[in-house]
>>> print(open('my_file32.pdb').read())   # PDB, C-alpha atoms, pLDDT in the B column
ATOM      1  CA  MET A 207     -20.448  -9.857  12.613  1.00 52.00           C
ATOM      2  CA  SER A 208     -18.791  -9.267   9.256  1.00 72.00           C
ATOM      3  CA  ARG A 209     -15.013  -9.249   8.953  1.00 78.00           C
ATOM      4  CA  LEU A 210     -14.897  -5.509   8.157  1.00 73.00           C
ATOM      5  CA  ILE A 211     -17.061  -4.624  11.145  1.00 79.00           C
ATOM      6  CA  GLU A 212     -14.768  -6.760  13.323  1.00 88.00           C
ATOM      7  CA  ILE A 213     -11.732  -4.866  12.002  1.00 89.00           C
ATOM      8  CA  GLU A 214     -13.448  -1.517  12.650  1.00 88.00           C
ATOM      9  CA  ALA A 215     -14.183  -2.637  16.202  1.00 89.00           C
ATOM     10  CA  MET A 216     -10.557  -3.682  16.698  1.00 91.00           C
ATOM     11  CA  ILE A 217      -9.334  -0.274  15.473  1.00 90.00           C
ATOM     12  CA  ALA A 218     -11.734   1.467  17.857  1.00 89.00           C
ATOM     13  CA  ARG A 219     -10.439  -0.623  20.767  1.00 90.00           C
ATOM     14  CA  ILE A 220      -6.819   0.041  19.732  1.00 90.00           C
ATOM     15  CA  ALA A 221      -7.569   3.766  19.907  1.00 89.00           C
ATOM     16  CA  LEU A 222      -8.376   3.149  23.580  1.00 89.00           C
ATOM     17  CA  GLY A 223      -5.072   1.329  24.117  1.00 89.00           C
ATOM     18  CA  ASP A 224      -6.365  -2.263  23.900  1.00 90.00           C
ATOM     19  CA  ARG A 225      -3.298  -4.458  23.248  1.00 92.00           C
ATOM     20  CA  VAL A 226      -5.385  -7.605  22.767  1.00 94.00           C
ATOM     21  CA  ALA A 227      -7.294  -5.896  19.962  1.00 92.00           C
ATOM     22  CA  PHE A 228      -3.977  -4.799  18.469  1.00 94.00           C
ATOM     23  CA  GLY A 229      -2.744  -8.400  18.405  1.00 93.00           C
ATOM     24  CA  ALA A 230      -6.009  -9.552  16.862  1.00 94.00           C
ATOM     25  CA  LEU A 231      -5.786  -6.842  14.186  1.00 94.00           C
ATOM     26  CA  TYR A 232      -2.219  -7.885  13.405  1.00 95.00           C
ATOM     27  CA  ASP A 233      -3.275 -11.532  13.065  1.00 93.00           C
ATOM     28  CA  ALA A 234      -6.207 -10.599  10.828  1.00 93.00           C
ATOM     29  CA  THR A 235      -4.418  -8.162   8.508  1.00 93.00           C
ATOM     30  CA  SER A 236      -0.637  -8.656   8.566  1.00 93.00           C
ATOM     31  CA  ALA A 237      -0.483 -11.134   5.656  1.00 93.00           C
ATOM     32  CA  LYS A 238      -2.294  -8.713   3.354  1.00 92.00           C
ATOM     33  CA  LEU A 239      -0.234  -5.699   4.433  1.00 94.00           C
ATOM     34  CA  PHE A 240       3.004  -7.681   4.179  1.00 94.00           C
ATOM     35  CA  GLY A 241       2.077  -8.650   0.625  1.00 92.00           C
ATOM     36  CA  ILE A 242       1.638  -4.973  -0.250  1.00 92.00           C
ATOM     37  CA  CYS A 243       4.997  -4.058   1.317  1.00 93.00           C
ATOM     38  CA  LEU A 244       6.740  -6.908  -0.457  1.00 92.00           C
ATOM     39  CA  ARG A 245       5.205  -5.989  -3.805  1.00 91.00           C
ATOM     40  CA  VAL A 246       6.364  -2.360  -3.501  1.00 92.00           C
ATOM     41  CA  LEU A 247       9.764  -2.957  -1.890  1.00 93.00           C
ATOM     42  CA  THR A 248      10.671  -6.328  -3.526  1.00 91.00           C
ATOM     43  CA  ASN A 249      12.917  -7.104  -0.548  1.00 91.00           C
ATOM     44  CA  ARG A 250      11.630  -9.448   2.154  1.00 92.00           C
ATOM     45  CA  ALA A 251      13.726  -8.059   5.021  1.00 92.00           C
ATOM     46  CA  GLU A 252      12.835  -4.478   4.161  1.00 93.00           C
ATOM     47  CA  ALA A 253       9.152  -5.425   3.813  1.00 94.00           C
ATOM     48  CA  GLU A 254       9.238  -7.041   7.271  1.00 94.00           C
ATOM     49  CA  ASP A 255      10.784  -3.895   8.773  1.00 94.00           C
ATOM     50  CA  ALA A 256       8.218  -1.739   7.001  1.00 95.00           C
ATOM     51  CA  LEU A 257       5.384  -3.922   8.329  1.00 95.00           C
ATOM     52  CA  GLN A 258       6.552  -3.382  11.919  1.00 95.00           C
ATOM     53  CA  GLU A 259       6.706   0.369  11.348  1.00 94.00           C
ATOM     54  CA  ILE A 260       3.219   0.323   9.804  1.00 94.00           C
ATOM     55  CA  TYR A 261       1.721  -1.320  12.880  1.00 95.00           C
ATOM     56  CA  VAL A 262       3.419   1.254  15.100  1.00 93.00           C
ATOM     57  CA  LYS A 263       1.682   3.920  12.986  1.00 92.00           C
ATOM     58  CA  VAL A 264      -1.633   2.082  13.326  1.00 93.00           C
ATOM     59  CA  TRP A 265      -1.185   1.939  17.124  1.00 92.00           C
ATOM     60  CA  HIS A 266      -0.474   5.676  17.309  1.00 90.00           C
ATOM     61  CA  ASN A 267      -3.125   6.747  14.773  1.00 87.00           C
ATOM     62  CA  ALA A 268      -6.037   4.407  15.480  1.00 88.00           C
ATOM     63  CA  GLY A 269      -7.912   7.307  17.077  1.00 85.00           C
ATOM     64  CA  ARG A 270      -7.852   9.123  13.732  1.00 83.00           C
ATOM     65  CA  TYR A 271      -9.707   6.355  11.917  1.00 83.00           C
ATOM     66  CA  GLN A 272     -13.317   7.317  11.335  1.00 76.00           C
ATOM     67  CA  VAL A 273     -16.094   4.904  10.500  1.00 66.00           C
ATOM     68  CA  ASN A 274     -17.450   6.450   7.320  1.00 63.00           C
ATOM     69  CA  GLY A 275     -18.773   3.556   5.303  1.00 60.00           C
ATOM     70  CA  LEU A 276     -15.437   2.925   3.633  1.00 66.00           C
ATOM     71  CA  SER A 277     -13.582  -0.285   4.302  1.00 79.00           C
ATOM     72  CA  PRO A 278     -11.221  -0.219   7.289  1.00 88.00           C
ATOM     73  CA  MET A 279      -8.912  -2.344   5.116  1.00 88.00           C
ATOM     74  CA  THR A 280      -8.694   0.595   2.704  1.00 86.00           C
ATOM     75  CA  TRP A 281      -7.364   2.725   5.575  1.00 88.00           C
ATOM     76  CA  LEU A 282      -4.823   0.071   6.578  1.00 92.00           C
ATOM     77  CA  ILE A 283      -3.767  -0.612   2.984  1.00 90.00           C
ATOM     78  CA  THR A 284      -3.292   3.108   2.361  1.00 88.00           C
ATOM     79  CA  ILE A 285      -1.026   3.395   5.400  1.00 91.00           C
ATOM     80  CA  ALA A 286       0.969   0.353   4.252  1.00 93.00           C
ATOM     81  CA  ARG A 287       1.271   1.429   0.628  1.00 92.00           C
ATOM     82  CA  ASN A 288       2.270   4.996   1.482  1.00 91.00           C
ATOM     83  CA  HIS A 289       4.839   3.825   4.016  1.00 93.00           C
ATOM     84  CA  ALA A 290       6.330   1.283   1.608  1.00 93.00           C
ATOM     85  CA  ILE A 291       6.535   3.899  -1.156  1.00 91.00           C
ATOM     86  CA  ASP A 292       8.222   6.323   1.250  1.00 90.00           C
ATOM     87  CA  ARG A 293      10.813   3.630   2.068  1.00 92.00           C
ATOM     88  CA  LEU A 294      11.309   2.907  -1.626  1.00 90.00           C
ATOM     89  CA  ARG A 295      11.922   6.588  -2.337  1.00 89.00           C
ATOM     90  CA  MET A 296      14.396   6.815   0.546  1.00 88.00           C
ATOM     91  CA  ARG A 297      16.203   3.743  -0.788  1.00 86.00           C
ATOM     92  CA  ARG A 298      16.393   5.250  -4.284  1.00 85.00           C
ATOM     93  CA  LYS A 299      17.660   8.510  -2.861  1.00 84.00           C
ATOM     94  CA  ALA A 300      20.347   6.691  -0.847  1.00 81.00           C
ATOM     95  CA  GLU A 301      21.346   4.643  -3.896  1.00 80.00           C
ATOM     96  CA  SER A 302      21.616   7.754  -6.046  1.00 78.00           C
ATOM     97  CA  ARG A 303      24.020   9.267  -3.488  1.00 75.00           C
ATOM     98  CA  GLY A 304      26.345   6.302  -3.750  1.00 67.00           C
ATOM     99  CA  GLY A 305      24.460   3.508  -2.046  1.00 55.00           C
ATOM    100  CA  GLY A 306      26.549   3.044   1.063  1.00 53.00           C
ATOM    101  CA  ASP A 307      24.773   0.944   3.678  1.00 56.00           C
ATOM    102  CA  MET A 308      21.746   0.139   1.494  1.00 54.00           C
ATOM    103  CA  GLU A 309      23.906  -2.018  -0.797  1.00 54.00           C
ATOM    104  CA  ALA A 310      25.345  -3.950   2.139  1.00 54.00           C
ATOM    105  CA  VAL A 311      21.857  -4.573   3.548  1.00 52.00           C
ATOM    106  CA  ALA A 312      20.544  -5.700   0.150  1.00 53.00           C
ATOM    107  CA  ALA A 313      23.471  -8.119  -0.235  1.00 52.00           C
ATOM    108  CA  MET A 314      22.735  -9.735   3.156  1.00 49.00           C
ATOM    109  CA  ALA A 315      18.952  -9.878   2.881  1.00 51.00           C
ATOM    110  CA  ASP A 316      17.026 -12.912   1.696  1.00 53.00           C
ATOM    111  CA  THR A 317      14.982 -11.365  -1.088  1.00 53.00           C
ATOM    112  CA  SER A 318      12.863 -14.418  -1.795  1.00 57.00           C
ATOM    113  CA  PRO A 319       9.281 -14.142  -0.538  1.00 58.00           C
ATOM    114  CA  GLY A 320       7.897 -16.867   1.689  1.00 57.00           C
ATOM    115  CA  PRO A 321       5.021 -19.169   0.712  1.00 57.00           C
ATOM    116  CA  GLU A 322       2.361 -17.094   2.475  1.00 55.00           C
ATOM    117  CA  ALA A 323       3.510 -13.878   0.818  1.00 53.00           C
ATOM    118  CA  LEU A 324       3.676 -15.593  -2.574  1.00 54.00           C
ATOM    119  CA  ALA A 325       0.121 -16.888  -2.240  1.00 58.00           C
ATOM    120  CA  VAL A 326      -1.254 -13.512  -1.153  1.00 56.00           C
ATOM    121  CA  ALA A 327       0.695 -11.644  -3.818  1.00 58.00           C
ATOM    122  CA  ALA A 328      -0.339 -14.050  -6.602  1.00 61.00           C
ATOM    123  CA  SER A 329      -4.011 -13.760  -5.736  1.00 65.00           C
ATOM    124  CA  ASP A 330      -3.884  -9.985  -5.380  1.00 66.00           C
ATOM    125  CA  ASN A 331      -1.773  -9.530  -8.503  1.00 70.00           C
ATOM    126  CA  ALA A 332      -4.120 -11.582 -10.662  1.00 74.00           C
ATOM    127  CA  GLN A 333      -7.148  -9.622  -9.516  1.00 79.00           C
ATOM    128  CA  ILE A 334      -5.419  -6.232  -9.846  1.00 79.00           C
ATOM    129  CA  GLU A 335      -3.993  -7.083 -13.275  1.00 82.00           C
ATOM    130  CA  ARG A 336      -7.433  -8.163 -14.476  1.00 86.00           C
ATOM    131  CA  CYS A 337      -8.881  -4.846 -13.317  1.00 87.00           C
ATOM    132  CA  LEU A 338      -6.004  -2.821 -14.778  1.00 87.00           C
ATOM    133  CA  THR A 339      -6.816  -4.233 -18.221  1.00 91.00           C
ATOM    134  CA  GLU A 340     -10.166  -2.455 -17.978  1.00 92.00           C
ATOM    135  CA  LEU A 341      -8.374   0.910 -17.858  1.00 93.00           C
ATOM    136  CA  GLU A 342      -6.962   2.777 -20.839  1.00 93.00           C
ATOM    137  CA  PRO A 343      -3.282   1.776 -21.304  1.00 93.00           C
ATOM    138  CA  GLU A 344      -1.950   5.218 -20.314  1.00 94.00           C
ATOM    139  CA  ARG A 345      -4.087   5.279 -17.183  1.00 94.00           C
ATOM    140  CA  ALA A 346      -3.030   1.751 -16.231  1.00 91.00           C
ATOM    141  CA  GLY A 347       0.620   2.718 -16.747  1.00 91.00           C
ATOM    142  CA  ALA A 348       0.192   5.788 -14.567  1.00 92.00           C
ATOM    143  CA  VAL A 349      -1.432   3.721 -11.799  1.00 87.00           C
ATOM    144  CA  ARG A 350       1.403   1.173 -11.937  1.00 86.00           C
ATOM    145  CA  GLY A 351       3.955   3.993 -11.802  1.00 87.00           C
ATOM    146  CA  ALA A 352       2.335   5.786  -8.873  1.00 84.00           C
ATOM    147  CA  TYR A 353       1.254   2.870  -6.705  1.00 78.00           C
ATOM    148  CA  LEU A 354       3.645   0.050  -7.547  1.00 76.00           C
ATOM    149  CA  SER A 355       6.851   1.829  -8.584  1.00 78.00           C
ATOM    150  CA  GLY A 356       6.635   4.837  -6.279  1.00 79.00           C
ATOM    151  CA  ASP A 357       6.829   7.457  -9.032  1.00 83.00           C
ATOM    152  CA  SER A 358       5.687  10.912  -7.977  1.00 86.00           C
ATOM    153  CA  TYR A 359       2.708  12.612  -9.616  1.00 88.00           C
ATOM    154  CA  THR A 360       5.121  15.188 -11.051  1.00 90.00           C
ATOM    155  CA  GLU A 361       7.265  12.475 -12.652  1.00 90.00           C
ATOM    156  CA  LEU A 362       4.185  10.815 -14.139  1.00 92.00           C
ATOM    157  CA  ALA A 363       2.793  14.109 -15.456  1.00 93.00           C
ATOM    158  CA  ALA A 364       6.103  14.732 -17.233  1.00 94.00           C
ATOM    159  CA  ARG A 365       6.266  11.149 -18.582  1.00 93.00           C
ATOM    160  CA  TYR A 366       2.740  11.321 -20.023  1.00 95.00           C
ATOM    161  CA  ASP A 367       3.078  14.989 -21.019  1.00 95.00           C
ATOM    162  CA  VAL A 368      -0.021  16.147 -19.135  1.00 94.00           C
ATOM    163  CA  PRO A 369      -0.526  18.876 -16.515  1.00 94.00           C
ATOM    164  CA  LEU A 370      -0.056  17.810 -12.884  1.00 92.00           C
ATOM    165  CA  ASN A 371      -3.749  18.285 -12.044  1.00 93.00           C
ATOM    166  CA  THR A 372      -4.712  16.134 -15.026  1.00 93.00           C
ATOM    167  CA  MET A 373      -2.461  13.373 -13.689  1.00 92.00           C
ATOM    168  CA  ARG A 374      -4.097  13.652 -10.277  1.00 91.00           C
ATOM    169  CA  THR A 375      -7.524  13.351 -11.945  1.00 93.00           C
ATOM    170  CA  TRP A 376      -6.375  10.351 -14.005  1.00 93.00           C
ATOM    171  CA  LEU A 377      -5.167   8.573 -10.900  1.00 89.00           C
ATOM    172  CA  ARG A 378      -8.199   9.416  -8.767  1.00 89.00           C
ATOM    173  CA  ARG A 379     -10.647   8.258 -11.448  1.00 92.00           C
ATOM    174  CA  SER A 380      -8.569   5.176 -12.221  1.00 90.00           C
ATOM    175  CA  LEU A 381      -8.532   4.196  -8.538  1.00 86.00           C
ATOM    176  CA  MET A 382     -12.295   4.627  -8.367  1.00 88.00           C
ATOM    177  CA  ARG A 383     -12.675   2.317 -11.390  1.00 90.00           C
ATOM    178  CA  LEU A 384     -10.258  -0.193  -9.881  1.00 83.00           C
ATOM    179  CA  LYS A 385     -12.118  -0.141  -6.585  1.00 84.00           C
ATOM    180  CA  GLU A 386     -15.378  -0.776  -8.426  1.00 85.00           C
ATOM    181  CA  CYS A 387     -13.774  -3.648 -10.374  1.00 84.00           C
ATOM    182  CA  LEU A 388     -12.207  -5.192  -7.275  1.00 77.00           C
ATOM    183  CA  THR A 389     -15.534  -5.266  -5.443  1.00 76.00           C
ATOM    184  CA  ARG A 390     -17.317  -7.160  -8.242  1.00 76.00           C
TER     185      ARG A 390
END
>>> encode(input="my_file32.pdb", output="structure tokens")
Amino acid sequence: MSRLIEIEAMIARIALGDRVAFGALYDATSAKLFGICLRVLTNRAEAEDALQEIYVKVWHNAGRYQVNGLSPMTWLITIARNHAIDRLRMRRKAESRGGGDMEAVAAMADTSPGPEALAVAASDNAQIERCLTELEPERAGAVRGAYLSGDSYTELAARYDVPLNTMRTWLRRSLMRLKECLTR
């Protein structure tokens, strides 16, 4: 049984409330999802908190996952990336209002990634960077802004002086090209 089929089966069992399958899914995917959280949030403690919240979402939403030929990892990565970006935006919003508790948390947190996260991030970064070089520079910049920095589509459209729908098209097509590159 391939790894992706195993993950799909675990998600299906989680939808039925199978805690053993949930533990197995965590063991099989947490390093990858933690690497994504760490890359977006750049704070180990915050990435760990985000990872816990992501798996709570997976537990509650496993029944919504549909086997459709797409990778179950794509579904999990999308949940992780979106959640991490939401946390990043909340942090920025809190910092813009004067920081408060976010500064105290950042001062206490160990921001250095662990060896496992560094290995995962280095491998993923190298592959993603290689694929980003295949995109036009503006498109690659927009992808970095949207998916690594948490910039909104509206902010990116203004930065690149294009209509909002054009930015959405840029990003959608760029992601399709990246997906194609990453599967080679």
>>> residues_around(input="my_file32.pdb", residues="Thr284 (chain A)", least_positions_apart="5", cutoff="10 Å", atoms="all atoms listed in the file", output="PyMOL selection string")
chain A and resi 239+242+278-279+289-290
>>> residues_around(input="my_file32.pdb", residues="Thr389 (chain A)", least_positions_apart="4", cutoff="12 Å", atoms="all atoms listed in the file", output="ChimeraX atom specification")
/A:277,333-334,337,382-385
>>> residues_around(input="my_file32.pdb", residues="Ala253 (chain A)", least_positions_apart="4", cutoff="7 Å", atoms="only C-alpha atoms", output="number ranges by chain")
A: 240, 243-244, 247, 249, 257
>>> write_last_selection(input="my_file32.pdb", atoms="C-alpha atoms", output="PDB file, keeping the file's coordinate frame")
ATOM      1  CA  PHE A 240       3.004  -7.681   4.179  1.00 94.00           C
ATOM      2  CA  CYS A 243       4.997  -4.058   1.317  1.00 93.00           C
ATOM      3  CA  LEU A 244       6.740  -6.908  -0.457  1.00 92.00           C
ATOM      4  CA  LEU A 247       9.764  -2.957  -1.890  1.00 93.00           C
ATOM      5  CA  ASN A 249      12.917  -7.104  -0.548  1.00 91.00           C
ATOM      6  CA  LEU A 257       5.384  -3.922   8.329  1.00 95.00           C
TER       7      LEU A 257
END
>>> residues_near_point(input="my_file32.pdb", point="(2.9, 7.8, -7.5)", cutoff="10 Å", atoms="all atoms listed in the file", output="mmCIF file with C-alpha atoms, in the coordinates of the input")
data_model
loop_
_atom_site.group_PDB
_atom_site.id
_atom_site.type_symbol
_atom_site.label_atom_id
_atom_site.label_comp_id
_atom_site.auth_asym_id
_atom_site.auth_seq_id
_atom_site.Cartn_x
_atom_site.Cartn_y
_atom_site.Cartn_z
ATOM 1 C CA ASN A 288 2.270 4.996 1.482
ATOM 2 C CA ILE A 291 6.535 3.899 -1.156
ATOM 3 C CA ALA A 348 0.192 5.788 -14.567
ATOM 4 C CA VAL A 349 -1.432 3.721 -11.799
ATOM 5 C CA ARG A 350 1.403 1.173 -11.937
ATOM 6 C CA GLY A 351 3.955 3.993 -11.802
ATOM 7 C CA ALA A 352 2.335 5.786 -8.873
ATOM 8 C CA TYR A 353 1.254 2.870 -6.705
ATOM 9 C CA LEU A 354 3.645 0.050 -7.547
ATOM 10 C CA SER A 355 6.851 1.829 -8.584
ATOM 11 C CA GLY A 356 6.635 4.837 -6.279
ATOM 12 C CA ASP A 357 6.829 7.457 -9.032
ATOM 13 C CA SER A 358 5.687 10.912 -7.977
ATOM 14 C CA TYR A 359 2.708 12.612 -9.616
ATOM 15 C CA THR A 360 5.121 15.188 -11.051
ATOM 16 C CA GLU A 361 7.265 12.475 -12.652
ATOM 17 C CA LEU A 362 4.185 10.815 -14.139
ATOM 18 C CA MET A 373 -2.461 13.373 -13.689
ATOM 19 C CA ARG A 374 -4.097 13.652 -10.277
ATOM 20 C CA LEU A 377 -5.167 8.573 -10.900
#
>>> atom_distance(input="my_file32.pdb", atom1="CA of Leu282 (chain A)", atom2="CA of Val264 (chain A)")
7.7 Å
